[in-house]
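Asks: What follows is the file upload30.txt, containing compact mmCIF, C-alpha atoms:
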```
# COMPACT_ATOMS: atom_id res chain seq x y z
CA MET W 12 7.43 -28.58 -16.51
CA ALA W 13 8.52 -25.26 -17.92
CA ALA W 14 8.22 -21.58 -17.26
CA PRO W 15 5.11 -20.10 -18.87
CA ASN W 16 5.66 -18.62 -22.33
CA HIS W 17 3.36 -15.79 -21.41
CA LEU W 18 2.12 -14.49 -18.07
CA ASN W 19 -1.67 -14.57 -17.89
CA VAL W 20 -2.21 -13.27 -14.36
CA LEU W 21 -5.21 -12.79 -12.11
CA VAL W 22 -4.51 -10.05 -9.55
CA ILE W 23 -6.84 -10.10 -6.56
CA VAL W 24 -7.53 -6.93 -4.54
CA ASN W 25 -10.28 -5.95 -2.16
CA ARG W 26 -11.23 -2.67 -3.81
CA LEU W 27 -10.03 -1.73 -7.28
CA PHE W 28 -8.99 1.93 -7.78
CA GLU W 29 -8.93 2.66 -4.05
CA TRP W 30 -7.44 6.17 -3.97
CA SER W 31 -5.15 5.36 -1.02
CA GLN W 32 -3.78 2.39 -2.98
CA ASN W 33 -2.81 4.13 -6.21
CA PHE W 34 0.43 2.17 -6.05
CA ILE W 35 -1.58 -0.92 -7.01
CA THR W 36 -3.20 0.87 -9.94
CA ARG W 37 0.21 2.09 -11.14
CA GLU W 38 1.59 -1.45 -10.85
CA LEU W 39 -1.28 -2.95 -12.85
CA VAL W 40 -0.84 -0.46 -15.68
CA GLU W 41 2.92 -1.04 -15.80
CA LEU W 42 2.57 -4.83 -15.76
CA SER W 43 0.27 -4.50 -18.75
CA ARG W 44 2.79 -2.24 -20.51
CA GLN W 45 5.44 -4.90 -19.93
CA GLY W 46 3.39 -7.51 -21.75
CA VAL W 47 1.56 -9.28 -18.94
CA THR W 48 -2.05 -10.23 -19.70
CA LEU W 49 -3.96 -9.02 -16.67
CA HIS W 50 -7.25 -10.04 -15.15
CA VAL W 51 -8.24 -8.15 -12.00
CA GLY W 52 -10.49 -9.71 -9.39
CA ALA W 53 -12.10 -7.36 -6.89
CA ARG W 54 -15.13 -7.27 -4.67
CA ARG W 55 -15.77 -3.63 -5.41
CA ILE W 56 -14.74 -0.99 -7.93
CA VAL W 57 -14.24 2.45 -6.39
CA PRO W 58 -15.87 5.14 -8.59
CA ARG W 59 -13.24 7.49 -10.01
CA ASP W 60 -13.45 10.28 -12.56
CA ASP W 61 -9.71 10.81 -12.87
CA LEU W 62 -8.56 7.55 -14.45
CA THR W 63 -6.30 7.60 -17.48
CA THR W 64 -7.17 5.58 -20.57
CA GLU W 65 -4.66 2.90 -19.53
CA GLU W 66 -6.13 2.72 -16.04
CA ASP W 67 -9.63 2.45 -17.46
CA HIS W 68 -8.52 -0.50 -19.61
CA ILE W 69 -7.78 -2.48 -16.45
CA LEU W 70 -11.51 -3.18 -16.43
CA ASP W 71 -11.34 -4.92 -19.82
CA ARG W 72 -10.66 -8.22 -18.06
CA TYR W 73 -12.39 -7.58 -14.76
CA LEU W 74 -13.47 -10.63 -12.77
CA ARG W 75 -15.99 -9.91 -10.05
CA VAL W 76 -15.15 -11.55 -6.74
CA PRO W 77 -18.50 -11.88 -4.96
CA GLU W 78 -18.87 -9.89 -1.77
CA ASN W 79 -21.54 -12.38 -0.70
CA PRO W 80 -20.73 -15.78 -2.23
CA PHE W 81 -23.75 -17.39 -0.57
CA LEU W 82 -26.22 -15.82 -2.98
CA PRO W 83 -27.98 -18.49 -5.09
CA SER W 84 -26.23 -17.66 -8.38
CA TYR W 85 -22.76 -17.87 -6.82
CA PHE W 86 -23.62 -20.90 -4.72
CA PHE W 87 -24.77 -22.70 -7.87
CA ARG W 88 -21.36 -22.12 -9.50
CA HIS W 89 -19.74 -23.30 -6.28
CA ALA W 90 -21.75 -26.54 -6.24
CA LEU W 91 -21.11 -27.16 -9.92
CA PHE W 92 -17.36 -26.81 -9.44
CA ASN W 93 -17.56 -29.26 -6.53
CA LEU W 94 -19.22 -31.84 -8.77
CA LYS W 95 -16.61 -31.36 -11.52
CA HIS W 96 -13.52 -31.28 -9.28
CA PRO W 97 -14.38 -33.12 -6.04
CA ILE W 98 -10.79 -33.97 -5.05
CA ASN W 99 -9.53 -30.39 -5.32
CA TYR W 100 -12.66 -29.19 -3.56
CA LEU W 101 -11.98 -31.47 -0.59
CA ARG W 102 -8.38 -30.28 -0.51
CA ALA W 103 -9.61 -26.69 -0.19
CA TRP W 104 -11.69 -27.63 2.84
CA LYS W 105 -8.66 -29.33 4.36
CA GLU W 106 -6.74 -26.05 4.02
CA LEU W 107 -9.55 -24.23 5.77
CA PHE W 108 -9.46 -26.53 8.79
CA THR W 109 -5.67 -26.26 9.12
CA PHE W 110 -5.44 -22.46 8.90
CA GLY W 111 -4.85 -22.09 12.61
CA HIS W 112 -7.06 -19.05 13.18
CA ARG W 113 -7.76 -18.27 16.83
CA GLN W 114 -10.63 -15.83 16.45
CA PRO W 115 -14.09 -16.89 15.25
CA SER W 116 -14.26 -13.84 12.97
CA LYS W 117 -11.13 -14.98 11.13
CA TRP W 118 -12.53 -18.48 10.66
CA GLY W 119 -15.63 -16.81 9.25
CA ARG W 120 -13.55 -14.71 6.88
CA SER W 121 -11.65 -17.76 5.69
CA LEU W 122 -14.88 -19.65 5.03
CA VAL W 123 -16.22 -16.74 2.99
CA CYS W 124 -12.95 -16.65 1.01
CA LEU W 125 -13.25 -20.35 0.22
CA PHE W 126 -16.78 -19.84 -1.07
CA ARG W 127 -15.64 -16.83 -3.11
CA ALA W 128 -12.87 -18.89 -4.65
CA ALA W 129 -15.20 -21.77 -5.48
CA ALA W 130 -17.64 -19.36 -7.14
CA ILE W 131 -15.02 -18.06 -9.60
CA ALA W 132 -12.70 -21.07 -9.97
CA ASP W 133 -14.30 -22.26 -13.21
CA GLU W 134 -13.80 -18.82 -14.72
CA VAL W 135 -10.12 -18.86 -13.75
CA ILE W 136 -9.74 -22.16 -15.62
CA LYS W 137 -11.68 -20.90 -18.65
CA ARG W 138 -9.47 -17.83 -18.93
CA GLU W 139 -6.36 -20.07 -18.86
CA ILE W 140 -4.84 -18.03 -16.07
CA ASN W 141 -1.39 -19.36 -15.15
CA LEU W 142 -0.67 -17.26 -12.06
CA ILE W 143 -2.75 -15.75 -9.26
CA HIS W 144 -1.34 -12.76 -7.37
CA ALA W 145 -2.92 -11.20 -4.27
CA HIS W 146 -2.34 -7.73 -2.85
CA PHE W 147 -2.47 -7.91 0.97
CA MET W 148 -2.12 -11.05 3.06
CA THR W 149 -5.66 -10.77 4.40
CA ALA W 150 -8.80 -11.79 2.47
CA PRO W 151 -7.17 -11.42 -0.99
CA ALA W 152 -4.39 -13.88 -0.10
CA GLU W 153 -6.82 -16.34 1.45
CA THR W 154 -8.99 -16.22 -1.66
CA ALA W 155 -5.89 -16.72 -3.82
CA LEU W 156 -4.78 -19.69 -1.71
CA TYR W 157 -8.11 -21.46 -2.12
CA LEU W 158 -8.22 -20.64 -5.84
CA SER W 159 -4.78 -22.16 -6.22
CA VAL W 160 -5.84 -25.38 -4.48
CA LEU W 161 -9.06 -25.57 -6.51
CA THR W 162 -7.49 -24.90 -9.91
CA GLY W 163 -3.86 -26.01 -9.58
CA VAL W 164 -2.66 -22.53 -10.60
CA PRO W 165 0.29 -21.22 -8.52
CA PHE W 166 -0.16 -18.07 -6.47
CA GLY W 167 1.93 -15.34 -4.93
CA CYS W 168 1.24 -12.39 -2.66
CA THR W 169 2.40 -8.89 -1.90
CA ALA W 170 2.55 -8.15 1.83
CA HIS W 171 2.31 -4.54 2.96
CA ALA W 172 2.17 -3.56 6.65
CA MET W 173 -1.21 -3.85 8.34
CA ASP W 174 -1.50 -7.39 7.00
CA ILE W 175 1.69 -8.62 8.64
CA TYR W 176 1.87 -6.52 11.82
CA LYS W 177 -1.80 -6.25 12.80
CA ASP W 178 -4.34 -8.35 10.89
CA ASN W 179 -2.01 -11.33 10.47
CA SER W 180 -4.19 -14.28 11.44
CA GLY W 181 -3.26 -17.34 9.39
CA LEU W 182 -0.12 -15.67 8.07
CA SER W 183 1.96 -18.80 8.63
CA LYS W 184 -0.32 -20.85 6.38
CA LYS W 185 -0.28 -18.22 3.64
CA MET W 186 3.51 -17.95 3.77
CA GLN W 187 3.77 -21.73 3.56
CA LYS W 188 1.41 -22.20 0.61
CA ALA W 189 2.41 -19.20 -1.53
CA ASP W 190 4.88 -19.85 -4.34
CA TYR W 191 6.45 -16.46 -3.63
CA VAL W 192 5.86 -13.48 -1.37
CA THR W 193 6.97 -9.94 -2.11
CA THR W 194 6.90 -7.05 0.30
CA CYS W 195 7.49 -3.36 -0.16
CA THR W 196 10.27 -2.58 2.36
CA GLU W 197 13.48 -4.09 3.72
CA ALA W 198 12.00 -3.66 7.20
CA ASN W 199 9.06 -5.88 6.26
CA LEU W 200 11.37 -8.40 4.60
CA GLU W 201 13.51 -8.64 7.74
CA PHE W 202 10.38 -9.14 9.86
CA LEU W 203 9.08 -11.93 7.62
CA ASN W 204 12.46 -13.62 7.37
CA GLN W 205 12.90 -13.62 11.13
CA ARG W 206 9.41 -14.95 11.75
CA PHE W 207 9.36 -17.45 8.86
CA PRO W 208 13.00 -18.41 8.21
CA ALA W 209 11.99 -21.54 6.28
CA HIS W 210 10.53 -19.33 3.54
CA ARG W 211 13.43 -16.90 3.09
CA GLU W 212 14.27 -18.13 -0.41
CA LYS W 213 10.83 -17.31 -1.77
CA THR W 214 10.41 -13.95 0.00
CA PHE W 215 11.55 -10.81 -1.80
CA ARG W 216 11.62 -7.07 -1.29
CA VAL W 217 10.15 -5.20 -4.24
CA TYR W 218 9.61 -1.49 -3.69
CA HIS W 219 6.49 0.19 -4.95
CA GLY W 220 7.18 2.35 -7.96
CA ILE W 221 6.20 5.78 -9.10
CA ALA W 222 6.51 7.27 -12.56
CA ALA W 223 9.32 9.75 -13.08
CA GLY W 224 8.59 13.30 -14.04
CA GLY W 225 6.64 14.62 -11.07
CA HIS W 226 6.35 18.38 -11.12
CA ASN W 227 8.55 20.46 -8.89
CA SER W 228 6.94 22.58 -6.24
CA ASN W 229 5.70 25.85 -7.73
CA ARG W 230 6.71 27.70 -4.62
CA GLY W 231 9.86 29.76 -4.68
CA LEU W 232 12.34 29.07 -1.93
CA SER W 233 12.00 32.62 -0.63
CA GLU W 234 8.23 32.47 -0.34
CA SER W 235 6.77 32.62 3.14
CA PRO W 236 5.23 31.35 5.25
CA VAL W 237 6.89 27.96 4.72
CA ALA W 238 4.20 25.41 3.75
CA PHE W 239 4.36 22.08 5.59
CA LEU W 240 2.13 19.30 4.28
CA ALA W 241 0.92 16.03 5.83
CA VAL W 242 -1.18 13.50 3.92
CA GLY W 243 -2.82 10.32 5.18
CA ARG W 244 -5.70 8.66 6.93
CA LEU W 245 -6.52 10.31 10.26
CA SER W 246 -5.66 7.24 12.31
CA PRO W 247 -3.38 6.71 15.33
CA LYS W 248 -0.43 5.25 13.40
CA LYS W 249 -0.08 8.45 11.36
CA GLY W 250 0.93 10.42 14.47
CA PHE W 251 -0.76 13.66 13.41
CA ASN W 252 -1.40 14.59 17.07
CA TYR W 253 2.38 14.85 17.50
CA LEU W 254 2.58 17.06 14.43
CA LEU W 255 0.08 19.43 16.04
CA ASP W 256 2.17 19.47 19.21
CA ALA W 257 5.23 20.36 17.11
CA CYS W 258 3.28 23.14 15.40
CA GLN W 259 2.37 24.58 18.78
CA ILE W 260 6.05 24.59 19.78
CA LEU W 261 6.98 26.45 16.58
CA LYS W 262 4.15 28.91 17.10
CA THR W 263 5.45 29.84 20.55
CA ARG W 264 8.74 30.70 18.81
CA ASN W 265 6.93 32.97 16.34
CA SER W 266 8.10 30.83 13.42
CA ASN W 267 6.66 31.81 10.05
CA PHE W 268 4.92 28.71 8.68
CA ARG W 269 1.61 27.06 7.95
CA CYS W 270 0.60 23.42 7.98
CA LEU W 271 -1.97 21.61 5.84
CA ILE W 272 -3.19 18.12 6.84
CA VAL W 273 -4.99 16.23 4.05
CA GLY W 274 -7.07 13.16 4.82
CA GLU W 275 -10.08 11.81 6.63
CA GLY W 276 -10.55 9.14 9.25
CA PRO W 277 -11.64 8.24 12.77
CA LEU W 278 -9.51 10.86 14.55
CA GLU W 279 -10.94 13.84 12.67
CA LYS W 280 -13.02 15.13 15.59
CA GLU W 281 -10.17 14.59 18.05
CA LEU W 282 -7.67 16.45 15.88
CA LYS W 283 -10.07 19.34 15.32
CA THR W 284 -10.48 19.62 19.09
CA GLN W 285 -6.70 19.60 19.54
CA ILE W 286 -6.31 22.36 16.94
CA ARG W 287 -8.89 24.45 18.74
CA ASN W 288 -7.49 23.82 22.23
CA GLN W 289 -3.93 24.61 21.14
CA GLN W 290 -5.10 27.73 19.30
CA LEU W 291 -3.61 26.57 16.01
CA SER W 292 -6.52 27.44 13.70
CA ASP W 293 -4.62 30.37 12.20
CA ILE W 294 -1.73 28.19 10.98
CA VAL W 295 -3.07 24.62 10.71
CA GLU W 296 -5.79 23.52 8.31
CA LEU W 297 -7.42 20.10 8.46
CA LYS W 298 -8.53 19.91 4.86
CA GLY W 299 -10.21 16.51 4.71
CA TYR W 300 -10.45 14.36 1.58
CA VAL W 301 -8.75 15.52 -1.62
CA ALA W 302 -9.47 13.67 -4.87
CA PRO W 303 -6.47 11.83 -6.34
CA ASN W 304 -6.52 14.00 -9.46
CA GLN W 305 -6.11 17.09 -7.27
CA ILE W 306 -3.33 15.95 -4.96
CA SER W 307 -0.54 17.04 -7.33
CA LYS W 308 -1.75 20.63 -6.94
CA ILE W 309 -1.38 20.26 -3.19
CA TYR W 310 2.22 19.06 -3.53
CA ALA W 311 2.96 21.86 -5.98
CA HIS W 312 1.97 24.48 -3.42
CA SER W 313 3.89 22.91 -0.54
CA ASP W 314 7.51 23.10 0.62
CA VAL W 315 8.03 20.11 2.91
CA LEU W 316 6.16 16.84 3.59
CA VAL W 317 5.88 15.78 7.23
CA VAL W 318 5.30 12.09 8.03
CA PRO W 319 5.13 11.73 11.85
CA SER W 320 4.30 8.00 11.83
CA VAL W 321 4.26 5.93 15.03
CA ILE W 322 3.79 2.27 15.91
CA ASP W 323 0.26 1.97 17.28
CA LYS W 324 -0.32 0.11 20.54
CA ASN W 325 -1.99 -2.70 18.57
CA GLY W 326 1.18 -3.14 16.48
CA ASP W 327 -0.15 -1.41 13.38
CA ARG W 328 2.32 0.80 11.55
CA ASP W 329 3.15 2.25 8.19
CA GLY W 330 5.41 0.30 5.86
CA LEU W 331 6.67 3.01 3.55
CA PRO W 332 3.83 5.49 3.01
CA ASN W 333 3.29 6.17 -0.66
CA VAL W 334 2.96 9.86 0.08
CA CYS W 335 6.74 9.74 0.60
CA LEU W 336 7.26 8.57 -2.98
CA GLU W 337 4.84 11.16 -4.31
CA ALA W 338 6.58 13.92 -2.39
CA LEU W 339 10.02 12.80 -3.59
CA THR W 340 8.98 12.90 -7.23
CA HIS W 341 7.53 16.40 -6.67
CA GLY W 342 10.81 17.62 -5.20
CA LEU W 343 9.65 17.99 -1.60
CA PRO W 344 12.07 17.27 1.25
CA ILE W 345 10.54 14.98 3.87
CA ILE W 346 10.58 15.16 7.65
CA ALA W 347 9.61 11.73 8.97
CA SER W 348 9.77 9.34 11.89
CA ASN W 349 12.51 6.72 11.68
CA VAL W 350 10.12 3.78 11.94
CA SER W 351 9.52 0.76 9.75
CA GLY W 352 10.55 1.29 6.10
CA ILE W 353 10.56 5.08 6.10
CA PRO W 354 14.38 5.41 6.42
CA GLU W 355 14.65 3.44 3.16
CA ALA W 356 13.28 6.51 1.37
CA VAL W 357 14.31 9.37 3.65
CA VAL W 358 18.03 9.83 4.26
CA ASP W 359 18.67 12.22 7.12
CA GLY W 360 20.39 15.36 5.91
CA VAL W 361 20.24 14.33 2.24
CA ASN W 362 16.61 14.47 1.09
CA GLY W 363 14.99 15.19 4.43
CA ARG W 364 15.20 14.75 8.17
CA LEU W 365 14.54 11.70 10.35
CA VAL W 366 13.31 12.02 13.93
CA PRO W 367 12.30 9.57 16.67
CA PRO W 368 8.58 8.76 16.66
CA ALA W 369 6.17 10.38 19.15
CA GLU W 370 8.65 13.12 20.07
CA PRO W 371 7.14 16.50 19.15
CA VAL W 372 10.15 18.49 20.35
CA ALA W 373 12.48 16.63 17.96
CA LEU W 374 9.88 16.99 15.22
CA ALA W 375 9.63 20.73 15.84
CA GLU W 376 13.43 21.08 15.68
CA ALA W 377 13.52 19.27 12.32
CA MET W 378 10.72 21.49 10.99
CA ALA W 379 12.56 24.58 12.24
CA SER W 380 15.71 23.50 10.39
CA LEU W 381 13.77 23.47 7.11
CA LEU W 382 12.37 26.93 7.58
CA SER W 383 15.71 27.90 6.01
CA ALA W 384 15.47 28.22 2.22
CA ALA W 385 19.12 27.17 1.87
CA ASN W 386 18.47 23.89 3.65
CA ARG W 387 15.47 23.12 1.46
CA LEU W 388 17.41 23.93 -1.70
CA SER W 389 20.17 21.45 -0.85
CA MET W 390 17.59 18.68 -0.57
CA ARG W 391 15.34 19.32 -3.55
CA GLU W 392 17.52 17.70 -6.20
CA ALA W 393 18.22 14.71 -3.97
CA THR W 394 14.51 13.99 -3.57
CA GLN W 395 13.91 13.36 -7.26
CA THR W 396 17.17 11.43 -7.58
CA THR W 397 15.93 9.07 -4.87
CA ALA W 398 12.61 8.63 -6.65
CA LYS W 399 14.30 7.95 -9.98
CA ASN W 400 16.97 5.53 -8.76
CA LYS W 401 15.17 3.61 -6.03
CA PHE W 402 11.44 3.83 -6.72
CA ASN W 403 11.40 3.81 -10.49
CA LEU W 404 8.07 2.30 -11.56
CA SER W 405 9.29 0.51 -14.66
CA MET W 406 12.35 -0.92 -12.92
CA ASN W 407 10.50 -2.18 -9.84
CA VAL W 408 7.58 -3.69 -11.76
CA SER W 409 10.08 -5.42 -14.03
CA GLU W 410 11.57 -7.00 -10.91
CA LEU W 411 8.12 -8.22 -9.85
CA ARG W 412 7.41 -9.56 -13.35
CA SER W 413 10.69 -11.49 -13.29
CA ILE W 414 9.72 -13.14 -10.00
CA MET W 415 6.35 -14.08 -11.49
CA ALA W 416 7.90 -15.44 -14.68
CA SER W 417 10.38 -17.59 -12.76
CA LEU W 418 7.60 -19.83 -11.45
CA LYS W 419 7.06 -23.27 -12.88
CA THR W 420 3.57 -24.17 -14.03
CA VAL W 421 1.96 -27.53 -14.63
```
Could you show the structure in this file as structure tokens?

Replies:
Amino acid sequence: MAAPNHLNVLVIVNRLFEWSQNFITRELVELSRQGVTLHVGARRIVPRDDLTTEEDHILDRYLRVPENPFLPSYFFRHALFNLKHPINYLRAWKELFTFGHRQPSKWGRSLVCLFRAAAIADEVIKREINLIHAHFMTAPAETALYLSVLTGVPFGCTAHAMDIYKDNSGLSKKMQKADYVTTCTEANLEFLNQRFPAHREKTFRVYHGIAAGGHNSNRGLSESPVAFLAVGRLSPKKGFNYLLDACQILKTRNSNFRCLIVGEGPLEKELKTQIRNQQLSDIVELKGYVAPNQISKIYAHSDVLVVPSVIDKNGDRDGLPNVCLEALTHGLPIIASNVSGIPEAVVDGVNGRLVPPAEPVALAEAMASLLSAANRLSMREATQTTAKNKFNLSMNVSELRSIMASLKTV
């Protein structure tokens, strides 16, 4: 047994080129730059008109993961694999029945993942893939687990946040069977190590990366009103309702500012109602969806990013929102809640301000402190230094590649 001479990796995601998961796209491109042969398995490709040539080339070795593996063509491949590899096939079913799910819907998801894996297992063998890597410990990791059992190819996973704090059914099984698990924050790593101490040695923190060279804000420090920006899905864990409360507090003080919230989601109607009821329409804009190729322009015309994240009542929370990394590389100080992995990017008083979650008064005070041009100036240089030294794309992907290459293959 020896380490593979060359990494020939299948990366499994739910939706390729998802705009809110650009960190995955960046990682795939950088892995390819670093010499990894990539195959990407996804159930859906998100249409994009802003992809670079390198990003477009990800599709050169695309492997469709069937959304519905019970269609006749996929079921035929499934049955054929069963006939050719009956022992491995039975082992996969054994894994299914020992997953430990408690909800019928999760058993159903796991069954679908097994059938997906069986439908593409022959192709994995034909392509001589020597490692399977899944992003998210939900359906992608379950599909990877079954593929590993069916083909004998080792697999690893990247855990994020939702998949370990909220939708974490069967997580123990996936942690047990994976050859390695990476996660994107120290907070996540501590959570996994405390919950699964037997797997500490194969669990690693690898930060997401972002390319250096983001453009500085085009706004001069003396320009007014000060432009606060918030970016994210309009969902409870983002805490945008508390941001609106903070804006109302600043408005009563006659502070000179405006606030732009970019994103869409289930709370859109509720937030619009709050803006109207708090008479914030003159200073707060709920912009909706902005295409990924336009978001840099938004950063360039902003002064400060606000990330008022909270821990939702169902346990869901942000890990380290990638908008933080994007803001850092664009030279924007960040005001953020001190939850989960956010303090790993935002250092209070250095490149931004940290506040307790769900406390609009504290949030308003932090925003008021950055109405001062002098305070923003002292933080601008530190933001890009943080991005360069801690979230460097090449450096962090190299760390992931080293973990992958350290595996032993049959």

Asks: Please build the interface table for region 99-218 of chain W against region 23-37 of chain W with a cut-off of 7 Å, listing for each qualifying residue the nearest atom pair and the distance in Å to one decimal; count all atoms listed in the file, order rows by chain and increasing number, and write it as CSV.

Replies:
```
residue,atom,partner,partner_atom,distance
W:His144,CA,W:Ile23,CA,6.2
W:Ala145,CA,W:Ile23,CA,4.7
W:His146,CA,W:Val24,CA,5.5
W:Pro151,CA,W:Ile23,CA,5.7
```

Asks: Would you mind reading off the distance between CA of Ala90 (chain W) and CA of Lys105 (chain W), one decimal, in Å?

Replies: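 Pair CA of Ala90 (chain W) / CA of Lys105 (chain W) returns 17.1 Å.
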
Asks: Ranking W:Gly167, W:Pro115, W:Pro77, W:Gly250 by minimum distance to Ile414 (chain W) and counting only C-alpha atoms, which one comes first?

Replies: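 When distances to Ile414 (chain W) are compared using only C-alpha atoms, the smallest one comes from W:Gly167.
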
Asks: Nearest to Arg88 (chain W): which of W:Ala128, W:Cys335, W:Ala103, W:Val318 is it, counting only C-alpha atoms?

Replies: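 Of all the options, W:Ala128 lies closest to Arg88 (chain W).
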
Asks: In terms of the shortest atom-to-atom distance over only C-alpha atoms, which of W:Ala347, W:Ala170, W:Ile322, W:Val57 is closest to Pro371 (chain W)?

Replies: W:Ala347

Asks: Pick out the residues sitting within 10 Å of His68 (chain W), and hand them over as a VMD selection string; count all atoms listed in the file, and ignore anything fewer than 5 positions along from it in its own chain.

Replies: chain W and resid 40 43 62 to 63 73

Asks: Which value, in Å to one decimal, gives the distance between CA of Gly326 (chain W) and CA of Ala356 (chain W)?

Replies: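 Computing it gives 21.6 Å between the two atoms.
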
Asks: Can you pull out the residues contacting region 208-212 of chain W? Cut-off 8 Å, using only C-alpha atoms, and skip same-chain residues under 3 positions away; I want them as a PyMOL selection string.

Replies: chain W and resi 186-187+203-205+215

Asks: Nearest to Gly352 (chain W): which of W:Leu107, W:Ala53, W:Leu297, W:Leu365 is it, counting only C-alpha atoms?

Replies: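 That would be W:Leu365, the residue with the smallest distance to Gly352 (chain W).
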